[in-house]
Amino acid sequence: DPLGGHKFRAFSAPSTLGAAMTASVIIPILYAIGVLSCVFHLANGIWTMGITWGVWTSPAAQRRANWICAAAGLFLAVVGMSALYGAVTVDQVQAVEFENKMYDAKVASGEVVANEHKRAGSDDAAAH
């Protein structure tokens, strides 16, 4: 509760993710550290796998693989940080309105059974 993670609800993910990310400055920092650590681990692991399995054995091949893995890692880091930026800067009022429009459309089409705790911003939803 003190860090704001309890605010996330899967039924209204965009608005509640924004609320959880803006509840404390610690959450986005931890998210960034975690994502960048995972990206580094993946890129480094692929490069090491290539050496271990004999995919790139010559120094020239290892240099090329190093550049390729670094480029892939940078690409994934940009994607992850873009997701973080989107979560932190989401307009929560607009997101709630859009989520409720989607909910109403899914109920009308019969795709979802009406259940008010799935509605974004409902009093019942805030209690959970």
# chains A, B, ... in the order shown; residues from 1 in each chain; ligands from 1

call {"tool": "residues_around", "arguments": {"residues": "segment 80-93 of chain A", "least_positions_apart": "3", "cutoff": "7 Å", "atoms": "only C-alpha atoms", "output": "list in words"}}
result
Ser15, Leu17, Gly18, Met21, Thr22, Ala32, Val35, Leu76, Ala77, Val96 and Glu97 of chain A

call {"tool": "residues_around", "arguments": {"residues": "segment 99-102 of chain A", "least_positions_apart": "2", "cutoff": "9 Å", "atoms": "only C-alpha atoms", "output": "list of chain:residue names"}}
result
A:Phe11, A:Ser12, A:Ala13, A:Pro14, A:Ser15, A:Gln94, A:Ala95, A:Val96, A:Glu97, A:Asp104, A:Ala105, A:Lys106, A:Val107, A:Lys118, A:Arg119, A:Ala120, A:Gly121

call {"tool": "write_last_selection", "arguments": {"atoms": "all heavy atoms", "output": "CSV table (one decimal), in the first residue's frame"}}
result
chain,number,residue,atom,x,y,z
A,11,PHE,N,-8.7,-5.1,-14.8
A,11,PHE,CA,-9.9,-4.7,-15.6
A,11,PHE,C,-9.8,-3.3,-16.2
A,11,PHE,O,-10.4,-3.0,-17.2
A,11,PHE,CB,-11.2,-4.8,-14.8
A,11,PHE,CG,-11.5,-6.2,-14.4
A,11,PHE,CD1,-11.4,-6.6,-13.0
A,11,PHE,CD2,-11.8,-7.2,-15.3
A,11,PHE,CE1,-11.7,-7.9,-12.6
A,11,PHE,CE2,-12.0,-8.5,-14.9
A,11,PHE,CZ,-12.0,-8.8,-13.6
A,12,SER,N,-9.0,-2.4,-15.5
A,12,SER,CA,-8.9,-1.1,-16.1
A,12,SER,C,-7.4,-0.8,-16.0
A,12,SER,O,-6.9,0.2,-15.3
A,12,SER,CB,-9.7,-0.1,-15.3
A,12,SER,OG,-9.5,-0.2,-13.9
A,13,ALA,N,-6.6,-1.5,-16.8
A,13,ALA,CA,-5.1,-1.5,-16.7
A,13,ALA,C,-4.5,-0.1,-17.0
A,13,ALA,O,-3.7,0.4,-16.3
A,13,ALA,CB,-4.5,-2.5,-17.6
A,14,PRO,N,-4.9,0.6,-18.1
A,14,PRO,CA,-4.2,1.8,-18.4
A,14,PRO,C,-4.4,2.9,-17.3
A,14,PRO,O,-3.4,3.5,-16.9
A,14,PRO,CB,-4.9,2.3,-19.7
A,14,PRO,CG,-5.4,1.1,-20.3
A,14,PRO,CD,-5.8,0.2,-19.2
A,15,SER,N,-5.6,3.1,-16.8
A,15,SER,CA,-5.7,4.2,-15.9
A,15,SER,C,-5.2,3.8,-14.5
A,15,SER,O,-4.5,4.6,-13.8
A,15,SER,CB,-7.2,4.6,-15.7
A,15,SER,OG,-8.0,3.4,-15.2
A,94,GLN,N,-9.0,10.7,-19.1
A,94,GLN,CA,-9.3,10.2,-20.5
A,94,GLN,C,-9.2,8.7,-20.6
A,94,GLN,O,-10.0,8.1,-21.2
A,94,GLN,CB,-8.3,10.8,-21.5
A,94,GLN,CG,-8.7,10.7,-22.9
A,94,GLN,CD,-7.7,11.4,-23.8
A,94,GLN,OE1,-6.5,11.6,-23.4
A,94,GLN,NE2,-8.1,11.8,-25.0
A,95,ALA,N,-8.3,8.1,-19.9
A,95,ALA,CA,-8.2,6.6,-19.9
A,95,ALA,C,-9.4,6.0,-19.2
A,95,ALA,O,-9.9,5.0,-19.8
A,95,ALA,CB,-6.9,6.2,-19.1
A,96,VAL,N,-9.9,6.5,-18.1
A,96,VAL,CA,-11.1,6.0,-17.5
A,96,VAL,C,-12.3,6.1,-18.4
A,96,VAL,O,-13.1,5.1,-18.6
A,96,VAL,CB,-11.4,6.7,-16.1
A,96,VAL,CG1,-12.8,6.4,-15.6
A,96,VAL,CG2,-10.3,6.3,-15.1
A,97,GLU,N,-12.4,7.2,-19.1
A,97,GLU,CA,-13.6,7.4,-20.0
A,97,GLU,C,-13.5,6.4,-21.2
A,97,GLU,O,-14.5,5.8,-21.5
A,97,GLU,CB,-13.5,8.8,-20.6
A,97,GLU,CG,-13.9,9.9,-19.6
A,97,GLU,CD,-13.7,11.3,-20.2
A,97,GLU,OE1,-13.3,11.4,-21.4
A,97,GLU,OE2,-13.9,12.3,-19.4
A,104,ASP,N,-18.7,-0.8,-21.9
A,104,ASP,CA,-20.1,-0.7,-22.4
A,104,ASP,C,-20.3,-1.4,-23.7
A,104,ASP,O,-21.3,-2.1,-23.9
A,104,ASP,CB,-20.5,0.8,-22.5
A,104,ASP,CG,-20.6,1.5,-21.1
A,104,ASP,OD1,-20.8,0.7,-20.1
A,104,ASP,OD2,-20.5,2.7,-21.1
A,105,ALA,N,-19.3,-1.2,-24.6
A,105,ALA,CA,-19.4,-1.9,-25.9
A,105,ALA,C,-19.3,-3.4,-25.8
A,105,ALA,O,-20.0,-4.1,-26.4
A,105,ALA,CB,-18.3,-1.4,-26.8
A,106,LYS,N,-18.4,-3.9,-24.9
A,106,LYS,CA,-18.3,-5.3,-24.7
A,106,LYS,C,-19.5,-5.9,-24.0
A,106,LYS,O,-19.9,-7.0,-24.3
A,106,LYS,CB,-17.0,-5.6,-23.9
A,106,LYS,CG,-15.8,-5.4,-24.7
A,106,LYS,CD,-14.5,-5.8,-24.0
A,106,LYS,CE,-13.3,-5.6,-24.9
A,106,LYS,NZ,-12.1,-6.2,-24.3
A,107,VAL,N,-20.1,-5.2,-23.1
A,107,VAL,CA,-21.4,-5.7,-22.5
A,107,VAL,C,-22.5,-5.7,-23.5
A,107,VAL,O,-23.2,-6.7,-23.6
A,107,VAL,CB,-21.7,-4.8,-21.3
A,107,VAL,CG1,-23.2,-5.1,-20.8
A,107,VAL,CG2,-20.7,-5.0,-20.1
A,118,LYS,N,-15.9,-4.3,-12.8
A,118,LYS,CA,-15.0,-4.2,-13.9
A,118,LYS,C,-15.0,-2.8,-14.5
A,118,LYS,O,-14.2,-2.5,-15.4
A,118,LYS,CB,-15.4,-5.2,-15.0
A,118,LYS,CG,-15.2,-6.7,-14.5
A,118,LYS,CD,-15.6,-7.6,-15.6
A,118,LYS,CE,-15.4,-9.1,-15.1
A,118,LYS,NZ,-15.8,-10.0,-16.1
A,119,ARG,N,-15.9,-2.0,-14.1
A,119,ARG,CA,-16.0,-0.6,-14.7
A,119,ARG,C,-14.9,0.2,-14.1
A,119,ARG,O,-14.7,0.2,-12.9
A,119,ARG,CB,-17.4,0.0,-14.4
A,119,ARG,CG,-17.6,1.4,-14.9
A,119,ARG,CD,-19.0,1.9,-14.7
A,119,ARG,NE,-20.0,1.2,-15.5
A,119,ARG,CZ,-20.2,1.4,-16.8
A,119,ARG,NH1,-19.4,2.3,-17.5
A,119,ARG,NH2,-21.1,0.7,-17.5
A,120,ALA,N,-14.2,1.0,-14.9
A,120,ALA,CA,-13.1,1.9,-14.5
A,120,ALA,C,-13.7,3.0,-13.6
A,120,ALA,O,-14.7,3.6,-14.0
A,120,ALA,CB,-12.4,2.4,-15.7
A,121,GLY,N,-13.0,3.2,-12.5
A,121,GLY,CA,-13.3,4.3,-11.7
A,121,GLY,C,-14.6,4.1,-10.8
A,121,GLY,O,-15.0,5.1,-10.2

call {"tool": "atom_distance", "arguments": {"atom1": "atom CA of Gln62 of chain A", "atom2": "atom CA of Thr48 of chain A"}}
result
9.6 Å

call {"tool": "select_by_dssp", "arguments": {"residues": "chain A", "states": "helix (DSSP H, G or I)", "output": "PyMOL selection string"}}
result
chain A and resi 5-7+10-22+26-52+59-88+92-109+116-118+123-127

call {"tool": "closest_residue", "arguments": {"among": "A:Gly110, A:Ala72, A:Ser58, A:Arg64", "to": "Asn44 of chain A", "atoms": "only C-alpha atoms"}}
result
A:Ala72

call {"tool": "closest_residue", "arguments": {"among": "A:His117, A:Val39, A:Phe98, A:Ala10", "to": "Ala70 of chain A", "atoms": "only C-alpha atoms"}}
result
A:Val39
